[in-house]
Amino acid sequence: MAKSGVGKATVSSILRFIHIVGKLKDTKRTGWVERNVQEPESVADHMYRMAVMTMLVNKDESLDKQRCMKLAIVHDLAEAVVGDISPAQGVSDEEKHRREKEAITEMTALLPEDIGKEIYNLYEEYESRQTEEAKFVKDLDMFDMVVQAHEYEVMEGRKGELQDFFNSTKGKFRHPKVKQWVEELNKERNVPDDDSGS
């Protein structure tokens, strides 16, 4: 399964991992850059709000809140090495996954074996979408994108100009709670639900 971590991590290699992860603070989300957003969020900004959203899971839901939070924190870590690859760049999904898998393998090899395996396995869990937690976190990934699109439209006076981000999520949300959030966002945007991605 995981080919991460060789068990020979040093303080120096752990610090190197921390520096690599720090690049996410300066890695701008490519979709916003391509759309000429004035101050585009970083990948770290995106991951942070997703992690906070995992805290909104109720006790009565059959989701492991802590696991959801870990998935949100890990899901884009590889972008510290490969960057935020957008569909407009013409990279196939297979090639994107190959690059990201190679990056996460190299990154986790810098860590103690047990920690490296945990991060690598969380990355694989998110990518495969086989667990309810991974599916929920994917919904959060898409929801954060459309919330951010709306916020940019409002901040920059660009009403409706980022509609394609909403269109790209149409019919893809699965979790009932996230669907409710999308419906509320649509009301805030004054857009009928059937036009905006719920």
# chains A, B, ... in the order shown; residues from 1 in each chain; ligands from 1

$ select_by_dssp --residues "range 25-136 of chain A" --states "alpha helix (DSSP H)" --output "ChimeraX atom specification"
/A:30-34,43-54,65-74,79-82,93-108,113-128,132-136

$ residues_around --residues "range 21-32 of chain A" --least-positions-apart "5" --cutoff "10 Å" --atoms "only C-alpha atoms" --output "number ranges by chain"
A: 15-16, 37-47, 76-81, 83-89, 107, 145, 148-149, 152, 162, 165

$ residues_around --residues "range 48-51 of chain A" --least-positions-apart "3" --cutoff "10 Å" --atoms "only C-alpha atoms" --output "number ranges by chain"
A: 42-45, 54-56, 65-66, 68-74, 137-145

$ residues_around --residues "Ala9 in chain A" --least-positions-apart "6" --cutoff "12 Å" --atoms "only C-alpha atoms" --output "list in words"
Leu15, Arg16, Phe17, Met107, Thr108, Ala109, Leu110, Leu111, Pro112, Glu113, Asp114, Ile115 and Gly116 of chain A

$ closest_residue --among "A:Glu183, A:Glu151, A:Asp93, A:Glu100" --to "Tyr123 in chain A" --atoms "only C-alpha atoms"
A:Glu100

$ residues_around --residues "Glu125 in chain A" --least-positions-apart "3" --cutoff "12 Å" --atoms "only C-alpha atoms" --output "ChimeraX atom specification"
/A:1-2,67-68,70-72,74-75,117-122,128-138

$ write_last_selection --atoms "N, CA, C and O atoms" --output "mmCIF file, in the first residue's frame"
data_model
loop_
_atom_site.group_PDB
_atom_site.id
_atom_site.type_symbol
_atom_site.label_atom_id
_atom_site.label_comp_id
_atom_site.auth_asym_id
_atom_site.auth_seq_id
_atom_site.Cartn_x
_atom_site.Cartn_y
_atom_site.Cartn_z
ATOM 1 N N MET A 1 0.844 -1.175 0.000
ATOM 2 C CA MET A 1 0.000 0.000 0.000
ATOM 3 C C MET A 1 0.888 1.236 0.000
ATOM 4 O O MET A 1 1.361 1.655 -1.010
ATOM 5 N N ALA A 2 1.156 1.787 1.164
ATOM 6 C CA ALA A 2 1.932 3.021 1.222
ATOM 7 C C ALA A 2 3.408 2.742 1.069
ATOM 8 O O ALA A 2 3.942 1.863 1.697
ATOM 9 N N ARG A 67 -11.296 12.141 11.403
ATOM 10 C CA ARG A 67 -10.770 11.626 10.135
ATOM 11 C C ARG A 67 -11.064 12.615 9.004
ATOM 12 O O ARG A 67 -10.229 12.854 8.139
ATOM 13 N N CYS A 68 -12.267 13.189 9.012
ATOM 14 C CA CYS A 68 -12.619 14.193 8.002
ATOM 15 C C CYS A 68 -11.646 15.375 8.059
ATOM 16 O O CYS A 68 -11.185 15.857 7.025
ATOM 17 N N LYS A 70 -8.555 15.378 9.182
ATOM 18 C CA LYS A 70 -7.249 14.949 8.664
ATOM 19 C C LYS A 70 -7.260 14.877 7.138
ATOM 20 O O LYS A 70 -6.296 15.291 6.484
ATOM 21 N N LEU A 71 -8.340 14.354 6.570
ATOM 22 C CA LEU A 71 -8.445 14.273 5.104
ATOM 23 C C LEU A 71 -8.406 15.670 4.485
ATOM 24 O O LEU A 71 -7.750 15.889 3.464
ATOM 25 N N ALA A 72 -9.104 16.613 5.105
ATOM 26 C CA ALA A 72 -9.120 17.985 4.583
ATOM 27 C C ALA A 72 -7.726 18.607 4.620
ATOM 28 O O ALA A 72 -7.319 19.306 3.686
ATOM 29 N N VAL A 74 -4.863 16.996 4.543
ATOM 30 C CA VAL A 74 -3.910 16.258 3.708
ATOM 31 C C VAL A 74 -4.240 16.332 2.210
ATOM 32 O O VAL A 74 -3.345 16.227 1.380
ATOM 33 N N HIS A 75 -5.491 16.547 1.844
ATOM 34 C CA HIS A 75 -5.930 16.279 0.469
ATOM 35 C C HIS A 75 -5.146 17.022 -0.612
ATOM 36 O O HIS A 75 -4.990 16.502 -1.708
ATOM 37 N N LYS A 117 3.193 6.970 6.725
ATOM 38 C CA LYS A 117 2.155 6.048 6.239
ATOM 39 C C LYS A 117 0.763 6.619 6.476
ATOM 40 O O LYS A 117 -0.119 6.496 5.627
ATOM 41 N N GLU A 118 0.563 7.226 7.643
ATOM 42 C CA GLU A 118 -0.757 7.795 7.928
ATOM 43 C C GLU A 118 -1.116 8.879 6.902
ATOM 44 O O GLU A 118 -2.224 8.885 6.352
ATOM 45 N N ILE A 119 -0.196 9.785 6.640
ATOM 46 C CA ILE A 119 -0.461 10.867 5.684
ATOM 47 C C ILE A 119 -0.672 10.309 4.286
ATOM 48 O O ILE A 119 -1.615 10.693 3.582
ATOM 49 N N TYR A 120 0.178 9.383 3.877
ATOM 50 C CA TYR A 120 0.039 8.786 2.549
ATOM 51 C C TYR A 120 -1.304 8.073 2.415
ATOM 52 O O TYR A 120 -2.013 8.221 1.417
ATOM 53 N N ASN A 121 -1.673 7.302 3.421
ATOM 54 C CA ASN A 121 -2.939 6.563 3.365
ATOM 55 C C ASN A 121 -4.144 7.498 3.357
ATOM 56 O O ASN A 121 -5.146 7.217 2.694
ATOM 57 N N LEU A 122 -4.062 8.606 4.085
ATOM 58 C CA LEU A 122 -5.142 9.606 4.045
ATOM 59 C C LEU A 122 -5.259 10.200 2.645
ATOM 60 O O LEU A 122 -6.366 10.374 2.121
ATOM 61 N N SER A 128 -9.322 8.048 -3.658
ATOM 62 C CA SER A 128 -10.137 6.911 -4.108
ATOM 63 C C SER A 128 -11.624 7.107 -3.814
ATOM 64 O O SER A 128 -12.462 6.429 -4.421
ATOM 65 N N ARG A 129 -11.959 8.004 -2.876
ATOM 66 C CA ARG A 129 -13.357 8.293 -2.516
ATOM 67 C C ARG A 129 -14.155 7.036 -2.161
ATOM 68 O O ARG A 129 -15.320 6.912 -2.494
ATOM 69 N N GLN A 130 -13.510 6.092 -1.475
ATOM 70 C CA GLN A 130 -14.182 4.844 -1.115
ATOM 71 C C GLN A 130 -14.873 4.906 0.242
ATOM 72 O O GLN A 130 -15.702 4.062 0.542
ATOM 73 N N THR A 131 -14.535 5.886 1.073
ATOM 74 C CA THR A 131 -15.146 5.990 2.402
ATOM 75 C C THR A 131 -16.124 7.155 2.421
ATOM 76 O O THR A 131 -16.018 8.101 1.626
ATOM 77 N N GLU A 132 -17.060 7.098 3.357
ATOM 78 C CA GLU A 132 -18.026 8.195 3.501
ATOM 79 C C GLU A 132 -17.310 9.492 3.877
ATOM 80 O O GLU A 132 -17.706 10.569 3.445
ATOM 81 N N GLU A 133 -16.246 9.372 4.677
ATOM 82 C CA GLU A 133 -15.487 10.557 5.069
ATOM 83 C C GLU A 133 -14.836 11.213 3.858
ATOM 84 O O GLU A 133 -14.885 12.437 3.701
ATOM 85 N N ALA A 134 -14.243 10.413 2.984
ATOM 86 C CA ALA A 134 -13.594 10.960 1.789
ATOM 87 C C ALA A 134 -14.623 11.617 0.864
ATOM 88 O O ALA A 134 -14.364 12.675 0.279
ATOM 89 N N LYS A 135 -15.792 11.006 0.734
ATOM 90 C CA LYS A 135 -16.842 11.581 -0.112
ATOM 91 C C LYS A 135 -17.339 12.907 0.466
ATOM 92 O O LYS A 135 -17.576 13.867 -0.266
ATOM 93 N N PHE A 136 -17.489 12.949 1.790
ATOM 94 C CA PHE A 136 -17.918 14.182 2.454
ATOM 95 C C PHE A 136 -16.884 15.282 2.252
ATOM 96 O O PHE A 136 -17.225 16.428 1.932
ATOM 97 N N VAL A 137 -15.607 14.945 2.434
ATOM 98 C CA VAL A 137 -14.546 15.947 2.285
ATOM 99 C C VAL A 137 -14.462 16.429 0.835
ATOM 100 O O VAL A 137 -14.190 17.612 0.586
ATOM 101 N N LYS A 138 -14.730 15.567 -0.136
ATOM 102 C CA LYS A 138 -14.788 16.016 -1.531
ATOM 103 C C LYS A 138 -15.911 17.030 -1.708
ATOM 104 O O LYS A 138 -15.753 18.036 -2.414
#

$ closest_residue --among "A:Val182, A:Glu127, A:Ser12, A:Glu188" --to "Val154 in chain A" --atoms "only C-alpha atoms"
A:Glu188
